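Dropping start-v8.cif in here (mmCIF, C-alpha atoms):
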data_run
#
loop_
_atom_site.label_atom_id
_atom_site.label_comp_id
_atom_site.auth_asym_id
_atom_site.auth_seq_id
_atom_site.Cartn_x
_atom_site.Cartn_y
_atom_site.Cartn_z
CA MET A 1 0.00 0.00 0.00
CA GLU A 2 1.10 3.57 -0.68
CA TYR A 3 0.14 6.59 1.40
CA ILE A 4 -0.20 10.35 1.19
CA ARG A 5 0.22 12.82 4.04
CA LEU A 6 -2.52 15.34 4.84
CA ASN A 7 -1.84 18.97 5.75
CA ASN A 8 -1.93 18.06 9.45
CA GLY A 9 0.49 15.13 9.10
CA VAL A 10 -2.05 12.28 9.14
CA GLU A 11 -1.26 9.56 6.60
CA VAL A 12 -4.01 8.15 4.36
CA PRO A 13 -3.87 4.91 2.34
CA LEU A 14 -4.09 5.87 -1.35
CA LEU A 15 -6.58 3.10 -2.03
CA GLY A 16 -9.75 2.57 -0.03
CA TYR A 17 -12.97 0.60 -0.26
CA GLY A 18 -16.08 2.73 -0.77
CA VAL A 19 -19.53 1.61 0.36
CA PHE A 20 -21.77 4.10 -1.48
CA LEU A 21 -24.88 2.20 -2.63
CA VAL A 22 -23.87 -0.90 -0.68
CA SER A 23 -27.12 -1.87 0.99
CA PRO A 24 -27.20 -2.12 4.79
CA ASP A 25 -27.89 -5.86 4.63
CA GLN A 26 -24.82 -6.46 2.44
CA CYS A 27 -22.43 -3.97 4.00
CA GLU A 28 -20.98 -6.11 6.80
CA ARG A 29 -20.25 -8.95 4.39
CA CYS A 30 -18.72 -6.63 1.78
CA VAL A 31 -16.49 -4.76 4.23
CA SER A 32 -15.39 -8.04 5.83
CA GLU A 33 -14.37 -9.31 2.40
CA ALA A 34 -12.59 -6.06 1.59
CA LEU A 35 -10.61 -6.31 4.82
CA GLU A 36 -9.79 -9.92 3.97
CA VAL A 37 -8.46 -8.80 0.58
CA GLY A 38 -6.23 -6.25 2.31
CA TYR A 39 -8.07 -2.94 2.27
CA ARG A 40 -7.48 -0.88 5.39
CA HIS A 41 -9.24 2.33 4.35
CA ILE A 42 -13.04 2.21 4.43
CA ASP A 43 -15.12 5.16 3.18
CA THR A 44 -18.72 5.51 4.33
CA ALA A 45 -21.17 8.30 5.19
CA GLN A 46 -24.15 9.02 7.39
CA ALA A 47 -26.30 9.28 4.26
CA TYR A 48 -25.33 5.80 3.07
CA TYR A 49 -27.19 4.28 6.03
CA ASN A 50 -24.59 1.54 6.38
CA GLU A 51 -22.21 2.84 9.06
CA GLU A 52 -23.45 0.04 11.33
CA GLY A 53 -22.39 -2.60 8.81
CA VAL A 54 -18.95 -1.03 8.54
CA GLY A 55 -18.66 -0.96 12.32
CA GLN A 56 -19.74 -4.57 12.71
CA ALA A 57 -17.25 -5.76 10.10
CA ILE A 58 -14.43 -3.83 11.68
CA SER A 59 -15.21 -4.99 15.21
CA LYS A 60 -15.33 -8.63 14.08
CA SER A 61 -12.21 -8.45 11.91
CA GLY A 62 -9.64 -8.75 14.69
CA ILE A 63 -7.56 -6.06 12.98
CA ASP A 64 -5.98 -3.51 15.31
CA ARG A 65 -7.82 -0.19 15.09
CA ASN A 66 -4.57 1.69 14.46
CA GLU A 67 -4.13 -0.29 11.23
CA LEU A 68 -7.45 0.97 9.88
CA PHE A 69 -8.45 4.28 8.33
CA ILE A 70 -12.16 5.15 8.53
CA THR A 71 -13.78 8.02 6.65
CA THR A 72 -17.36 9.18 7.16
CA LYS A 73 -19.34 12.30 6.31
CA VAL A 74 -21.82 14.67 7.99
CA TRP A 75 -25.05 14.81 5.97
CA ILE A 76 -27.18 17.86 5.15
CA SER A 77 -29.84 16.93 7.69
CA ASN A 78 -27.18 17.12 10.42
CA ALA A 79 -25.81 20.52 9.39
CA GLY A 80 -25.23 23.06 12.15
CA GLU A 81 -23.04 22.98 15.22
CA ALA A 82 -25.35 21.19 17.66
CA LYS A 83 -26.80 18.70 15.20
CA ALA A 84 -23.42 17.93 13.66
CA ALA A 85 -21.92 17.32 17.10
CA ARG A 86 -24.68 14.85 17.96
CA SER A 87 -24.29 13.14 14.58
CA ILE A 88 -20.54 12.69 15.10
CA ASP A 89 -21.18 10.89 18.36
CA GLU A 90 -23.82 8.76 16.64
CA SER A 91 -21.39 7.87 13.85
CA LEU A 92 -18.79 6.87 16.43
CA ARG A 93 -21.35 4.60 18.07
CA LYS A 94 -22.42 3.01 14.79
CA LEU A 95 -18.84 2.52 13.64
CA HIS A 96 -17.85 0.88 16.95
CA THR A 97 -14.85 3.16 17.32
CA ASP A 98 -13.50 5.85 19.62
CA TYR A 99 -12.30 8.04 16.75
CA ILE A 100 -12.87 8.72 13.06
CA ASP A 101 -9.75 9.11 10.94
CA LEU A 102 -11.27 11.53 8.42
CA LEU A 103 -14.58 13.37 8.80
CA LEU A 104 -16.01 15.32 5.86
CA ILE A 105 -18.90 17.71 5.27
CA HIS A 106 -20.80 15.71 2.65
CA GLN A 107 -22.38 18.59 0.68
CA ALA A 108 -21.73 22.32 0.56
CA TYR A 109 -25.24 23.29 1.68
CA GLY A 110 -26.94 24.25 4.92
CA ASP A 111 -25.08 25.57 7.96
CA ILE A 112 -21.68 24.28 6.90
CA TYR A 113 -19.84 26.71 9.18
CA GLY A 114 -21.74 25.42 12.19
CA SER A 115 -20.91 21.87 11.13
CA TRP A 116 -17.26 22.83 10.77
CA ARG A 117 -17.14 24.28 14.28
CA ALA A 118 -18.46 20.97 15.60
CA MET A 119 -15.85 19.14 13.55
CA GLU A 120 -13.06 21.39 14.80
CA ASN A 121 -14.21 20.66 18.36
CA ALA A 122 -14.23 16.93 17.61
CA LEU A 123 -10.71 17.27 16.23
CA ARG A 124 -9.52 18.99 19.41
CA ASP A 125 -11.27 16.37 21.56
CA GLY A 126 -9.59 13.47 19.76
CA LYS A 127 -12.83 12.12 18.27
CA VAL A 128 -11.49 12.87 14.78
CA ARG A 129 -7.96 12.87 13.35
CA ALA A 130 -8.56 15.04 10.27
CA ILE A 131 -11.44 17.04 8.79
CA GLY A 132 -12.36 18.03 5.28
CA VAL A 133 -15.15 18.51 2.77
CA SER A 134 -16.84 16.70 -0.10
CA ASN A 135 -18.32 17.96 -3.35
CA PHE A 136 -17.13 21.53 -2.76
CA GLN A 137 -16.58 23.08 -6.20
CA ALA A 138 -13.68 25.49 -6.73
CA GLY A 139 -15.40 28.78 -5.85
CA ARG A 140 -17.23 27.36 -2.84
CA PHE A 141 -14.10 25.63 -1.64
CA VAL A 142 -11.95 28.78 -1.77
CA ASP A 143 -14.57 30.89 0.02
CA PHE A 144 -14.91 28.25 2.71
CA ALA A 145 -11.17 27.70 3.18
CA MET A 146 -10.62 31.44 3.58
CA HIS A 147 -13.09 31.65 6.48
CA VAL A 148 -12.22 28.67 8.70
CA ASP A 149 -9.41 28.22 11.18
CA VAL A 150 -8.57 24.60 10.35
CA LYS A 151 -8.06 24.34 6.61
CA PRO A 152 -9.72 21.33 4.95
CA ALA A 153 -7.40 18.36 4.78
CA MET A 154 -9.40 16.68 2.01
CA ASN A 155 -11.96 17.44 -0.67
CA GLN A 156 -13.74 14.35 -1.99
CA LEU A 157 -14.83 14.88 -5.58
CA GLN A 158 -16.07 12.98 -8.61
CA CYS A 159 -12.78 12.16 -10.32
CA ASN A 160 -11.56 9.57 -12.81
CA VAL A 161 -9.66 9.39 -16.09
CA MET A 162 -12.63 10.91 -17.94
CA VAL A 163 -13.50 13.51 -15.28
CA GLN A 164 -10.15 14.75 -14.07
CA GLN A 165 -11.03 17.80 -11.90
CA ASN A 166 -8.15 19.83 -13.34
CA GLY A 167 -10.04 23.06 -12.68
CA ILE A 168 -9.85 22.85 -8.88
CA GLN A 169 -6.39 21.38 -8.37
CA GLN A 170 -4.51 24.69 -8.13
CA TYR A 171 -6.87 25.89 -5.40
CA LEU A 172 -6.57 22.70 -3.38
CA ASP A 173 -2.79 23.04 -3.59
CA GLN A 174 -2.95 26.53 -2.07
CA TYR A 175 -4.31 25.07 1.18
CA GLY A 176 -2.45 21.76 1.13
CA THR A 177 -5.81 20.03 0.61
CA ARG A 178 -5.69 16.55 -0.92
CA MET A 179 -8.29 14.95 -3.17
CA THR A 180 -10.26 11.72 -2.83
CA ALA A 181 -11.85 10.44 -6.03
CA TRP A 182 -15.38 9.13 -5.77
CA GLY A 183 -16.55 7.30 -8.88
CA PRO A 184 -12.90 6.49 -9.73
CA LEU A 185 -14.06 3.91 -12.28
CA GLY A 186 -16.76 6.07 -13.79
CA GLY A 187 -19.65 5.76 -11.40
CA GLN A 188 -22.89 3.83 -11.40
CA GLY A 189 -23.76 2.32 -14.77
CA ALA A 190 -20.68 3.68 -16.55
CA ASP A 191 -18.54 1.33 -18.63
CA ALA A 192 -16.44 3.70 -20.77
CA ILE A 193 -13.35 3.10 -18.67
CA PHE A 194 -13.58 -0.69 -18.88
CA THR A 195 -13.82 -0.66 -22.68
CA ASN A 196 -11.49 2.24 -23.47
CA PRO A 197 -8.96 1.21 -26.18
CA LEU A 198 -6.10 3.28 -24.74
CA LEU A 199 -6.54 1.83 -21.26
CA GLN A 200 -6.76 -1.64 -22.76
CA GLN A 201 -3.56 -1.07 -24.72
CA ILE A 202 -1.63 0.28 -21.73
CA GLY A 203 -3.03 -2.45 -19.51
CA GLY A 204 -1.85 -5.09 -21.96
CA LYS A 205 1.73 -3.85 -21.60
CA HIS A 206 1.59 -4.26 -17.83
CA GLY A 207 -0.62 -7.34 -17.61
CA LYS A 208 -3.37 -5.23 -16.05
CA THR A 209 -7.02 -4.47 -16.75
CA PRO A 210 -8.29 -1.03 -17.84
CA ALA A 211 -9.78 -0.57 -14.36
CA GLN A 212 -6.42 -1.24 -12.72
CA VAL A 213 -4.73 1.23 -15.06
CA ALA A 214 -7.38 3.87 -14.29
CA LEU A 215 -6.93 3.43 -10.53
CA ARG A 216 -3.14 3.47 -10.84
CA TRP A 217 -3.31 6.71 -12.81
CA LEU A 218 -5.16 8.34 -9.92
CA THR A 219 -2.95 7.01 -7.14
CA GLN A 220 0.25 7.93 -8.99
CA ARG A 221 -1.06 11.50 -8.98
CA GLY A 222 -1.48 11.34 -5.19
CA ILE A 223 -5.27 11.13 -5.42
CA VAL A 224 -7.00 8.71 -3.05
CA ALA A 225 -9.30 6.29 -4.91
CA ILE A 226 -12.24 4.53 -3.24
CA PRO A 227 -13.68 2.03 -5.73
CA LYS A 228 -16.79 0.07 -4.72
CA SER A 229 -17.73 -3.48 -5.60
CA THR A 230 -19.87 -6.11 -3.93
CA ARG A 231 -17.89 -8.91 -5.60
CA ILE A 232 -14.72 -10.12 -3.90
CA GLU A 233 -13.01 -10.95 -7.19
CA ARG A 234 -13.44 -7.33 -8.32
CA MET A 235 -12.25 -6.12 -4.90
CA ARG A 236 -9.07 -8.14 -5.45
CA GLU A 237 -8.62 -6.74 -8.95
CA ASN A 238 -9.02 -3.15 -7.76
CA PHE A 239 -6.61 -3.74 -4.87
CA ASN A 240 -3.84 -5.21 -7.03
CA ILE A 241 -2.45 -1.95 -8.46
CA PHE A 242 0.75 -1.29 -6.57
CA ASP A 243 2.99 -3.83 -8.30
CA PHE A 244 3.41 -1.74 -11.45
CA ARG A 245 4.00 1.89 -12.38
CA LEU A 246 2.81 3.87 -15.37
CA THR A 247 5.47 5.68 -17.37
CA ASP A 248 5.41 9.46 -17.77
CA ASP A 249 4.31 8.98 -21.38
CA GLU A 250 1.47 6.68 -20.34
CA MET A 251 0.36 9.15 -17.68
CA ALA A 252 0.25 11.89 -20.32
CA GLN A 253 -1.66 9.71 -22.78
CA ILE A 254 -4.28 8.92 -20.14
CA ALA A 255 -4.55 12.62 -19.26
CA SER A 256 -5.70 13.19 -22.86
CA LEU A 257 -8.89 11.21 -22.08
CA ASN A 258 -10.28 14.06 -19.97
CA THR A 259 -13.77 15.24 -20.94
CA HIS A 260 -14.72 17.27 -17.81
CA ASN A 261 -12.54 19.53 -15.66
CA ASP A 262 -15.19 20.11 -13.00
CA GLY A 263 -17.28 16.95 -12.80
CA THR A 264 -20.57 16.02 -14.43
CA ILE A 265 -22.92 16.84 -11.54
CA ARG A 266 -24.04 20.47 -11.41
CA PHE A 267 -23.47 21.15 -7.72
CA ASN A 268 -23.93 24.88 -8.35
CA ASP A 269 -27.29 24.44 -10.11
CA PRO A 270 -30.01 26.22 -8.06
CA GLN A 271 -32.59 23.53 -8.82
CA PHE A 272 -30.23 20.75 -7.76
CA ILE A 273 -29.42 22.58 -4.52
CA LYS A 274 -33.09 23.28 -3.83
CA MET A 275 -33.95 19.61 -4.36
CA LEU A 276 -31.25 18.39 -1.99
CA VAL A 277 -31.99 20.88 0.76
CA GLU A 278 -35.78 20.45 0.57
CA THR A 279 -35.45 16.66 0.50
CA TYR A 280 -32.75 16.17 3.10
CA GLY A 281 -32.28 19.43 4.99
#
Would you write the structure of this file as structure tokens?
Amino acid sequence: MEYIRLNNGVEVPLLGYGVFLVSPDQCERCVSEALEVGYRHIDTAQAYYNEEGVGQAISKSGIDRNELFITTKVWISNAGEAKAARSIDESLRKLHTDYIDLLLIHQAYGDIYGSWRAMENALRDGKVRAIGVSNFQAGRFVDFAMHVDVKPAMNQLQCNVMVQQNGIQQYLDQYGTRMTAWGPLGGQGADAIFTNPLLQQIGGKHGKTPAQVALRWLTQRGIVAIPKSTRIERMRENFNIFDFRLTDDEMAQIASLNTHNDGTIRFNDPQFIKMLVETYG
């Protein structure tokens, strides 16, 4: 496994197992299998409704807590200082742990400054090791980072070889903020990465699949990738990416696949924001 260091010194495994859209009744089994494969970074969220499954798998695994890295996220309905503080304690209970390694604000809506104050308090109290944000687009991210004491350690964004998030990278760098890629293999229902001729060609040279090449491209850039699968054979495939290295020329060729600098979801669209806040706020 390879690691990156956050702006507060905490080290994060570059590859994690994501549980978005893993149903609560499957989550314990899936996380247990991921841990068996070798994953030590598990990414969940309050809004996934499967923190309990993650916690049960971890508590039954027999793996020392200090070998694990757990990420979760504060949802819109828990925005605000008091509600966020209560939700952090609830996440700790569900995850069967005394601390969360990385805690993120899930969406850039609602009382995010109140949530951040609760997260800063949790950081000081040792309930959390690092704090950051998720789905904060460039303008929102800069405004937020300029007005908080603890600068975000992470911004989790839609990112893969087709959606490369080049537009925000310079602003993350200004605050030492790292990136986690959700949808690192294209997201739900997408298959363009798996069938891409360039990725197939490069993979053939290394004895790897297009998915493995796509994940390696991210991790070689220092971007954390959190692929999700409910099949253990695919978990193994996704995990087996650190025994080869892409050349500079291959990295540049893959960079040419970019079709979106800022993601495909319109997080700044008023109607999208209104829908999320009215539904979940």
task = Might you spell out which residues the PyMOL selection byres ((chain A and resi 199) around 12) would select in the displayed file, as a PyMOL selection string?
result = chain A and resi 161-162+185+192-198+200-217+246+250-251+253-257
Hits from the PyMOL selection byres ((chain A and resi 165-174) around 12), listed as a ChimeraX atom specification = /A:6-7,132-133,135-146,151-164,175-182,184,218,221-223,255-256,258-265
query = atom CA of A:Phe20 and atom CA of A:Asn268, how far apart in Å?
reply = 22.0 Å
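Taken over the shown file, the PyMOL selection byres ((chain A and resi 228) around 8) identifies Tyr17, Gly18, Val19, Phe20, Ile226, Pro227, Ser229, Thr230 and Met235 of chain A.
One distance worth recording is that between atom CA of A:Leu95 and atom CA of A:Ser59, which is 8.5 Å.
Reported to one decimal place, the separation of atom CA of A:Arg129 from atom CA of A:Gly9 is 9.7 Å.
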request  = Could you tell me which of A:Leu123, A:Val74, A:Phe239, A:Gly55 comes closest to A:Pro13 if we count all atoms listed in the file?
outcome  = A:Phe239
inquiry  = as number ranges by chain, please: the residues near A:Ala79 (cut-off 8 Å, all atoms listed in the file, same-chain neighbours under 4 positions excluded).
reply    = A: 74-75, 83-84, 110-112, 114-115, 281
key: Nearest-residue call for A:Ile76, choices A:Glu33, A:Met275, A:Pro270, A:Gln56, using all atoms listed in the file   = A:Met275
Centre and edge lengths of an axis-aligned box around all listed atoms of stretch 55-74 of chain A, with 8 Å added on each side, are to be given in Å to one decimal, as JSON.
{"center_x": -13.0, "center_y": 3.0, "center_z": 10.8, "size_x": 33.7, "size_y": 39.4, "size_z": 25.0}
remark   = Using all atoms listed in the file, the residue out of A:Leu15, A:Ile232, A:Ala130, A:Leu102 with shortest distance to A:Glu2 is A:Leu15
Residues near A:Ala45, anyone? I mean within 8 Å using only C-alpha atoms, not counting same-chain ones fewer than 3 positions away, as an mmCIF file with C-alpha atoms, keeping the file's coordinate frame.
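As a result, result-v8.cif now contains:
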data_model
loop_
_atom_site.group_PDB
_atom_site.id
_atom_site.type_symbol
_atom_site.label_atom_id
_atom_site.label_comp_id
_atom_site.auth_asym_id
_atom_site.auth_seq_id
_atom_site.Cartn_x
_atom_site.Cartn_y
_atom_site.Cartn_z
ATOM 1 C CA PHE A 20 -21.770 4.100 -1.480
ATOM 2 C CA TYR A 48 -25.330 5.800 3.070
ATOM 3 C CA TYR A 49 -27.190 4.280 6.030
ATOM 4 C CA ASN A 50 -24.590 1.540 6.380
ATOM 5 C CA GLU A 51 -22.210 2.840 9.060
ATOM 6 C CA THR A 71 -13.780 8.020 6.650
ATOM 7 C CA THR A 72 -17.360 9.180 7.160
ATOM 8 C CA LYS A 73 -19.340 12.300 6.310
ATOM 9 C CA VAL A 74 -21.820 14.670 7.990
ATOM 10 C CA TRP A 75 -25.050 14.810 5.970
ATOM 11 C CA HIS A 106 -20.800 15.710 2.650
#
request  = Would you mind telling me which residue in A:Ser61, A:Gln107, A:Thr219, A:Thr44 lies nearest to A:Arg29 when using only C-alpha atoms?
outcome  = A:Ser61
task = Can you work out which one of A:Ala108, A:Ile58, A:Val150, A:Val277 has the shortest atom-to-atom distance to A:Ala122, counting only C-alpha atoms?
result =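 Under the stated criterion, the closest residue is A:Val150.
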ask   = Given the choices A:His96, A:Arg86, A:Arg5, A:His147, which gets closest to A:Asn121 if the distance is worked out from all atoms listed in the file?
value =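 For A:Asn121, the nearest of the candidates is A:Arg86.
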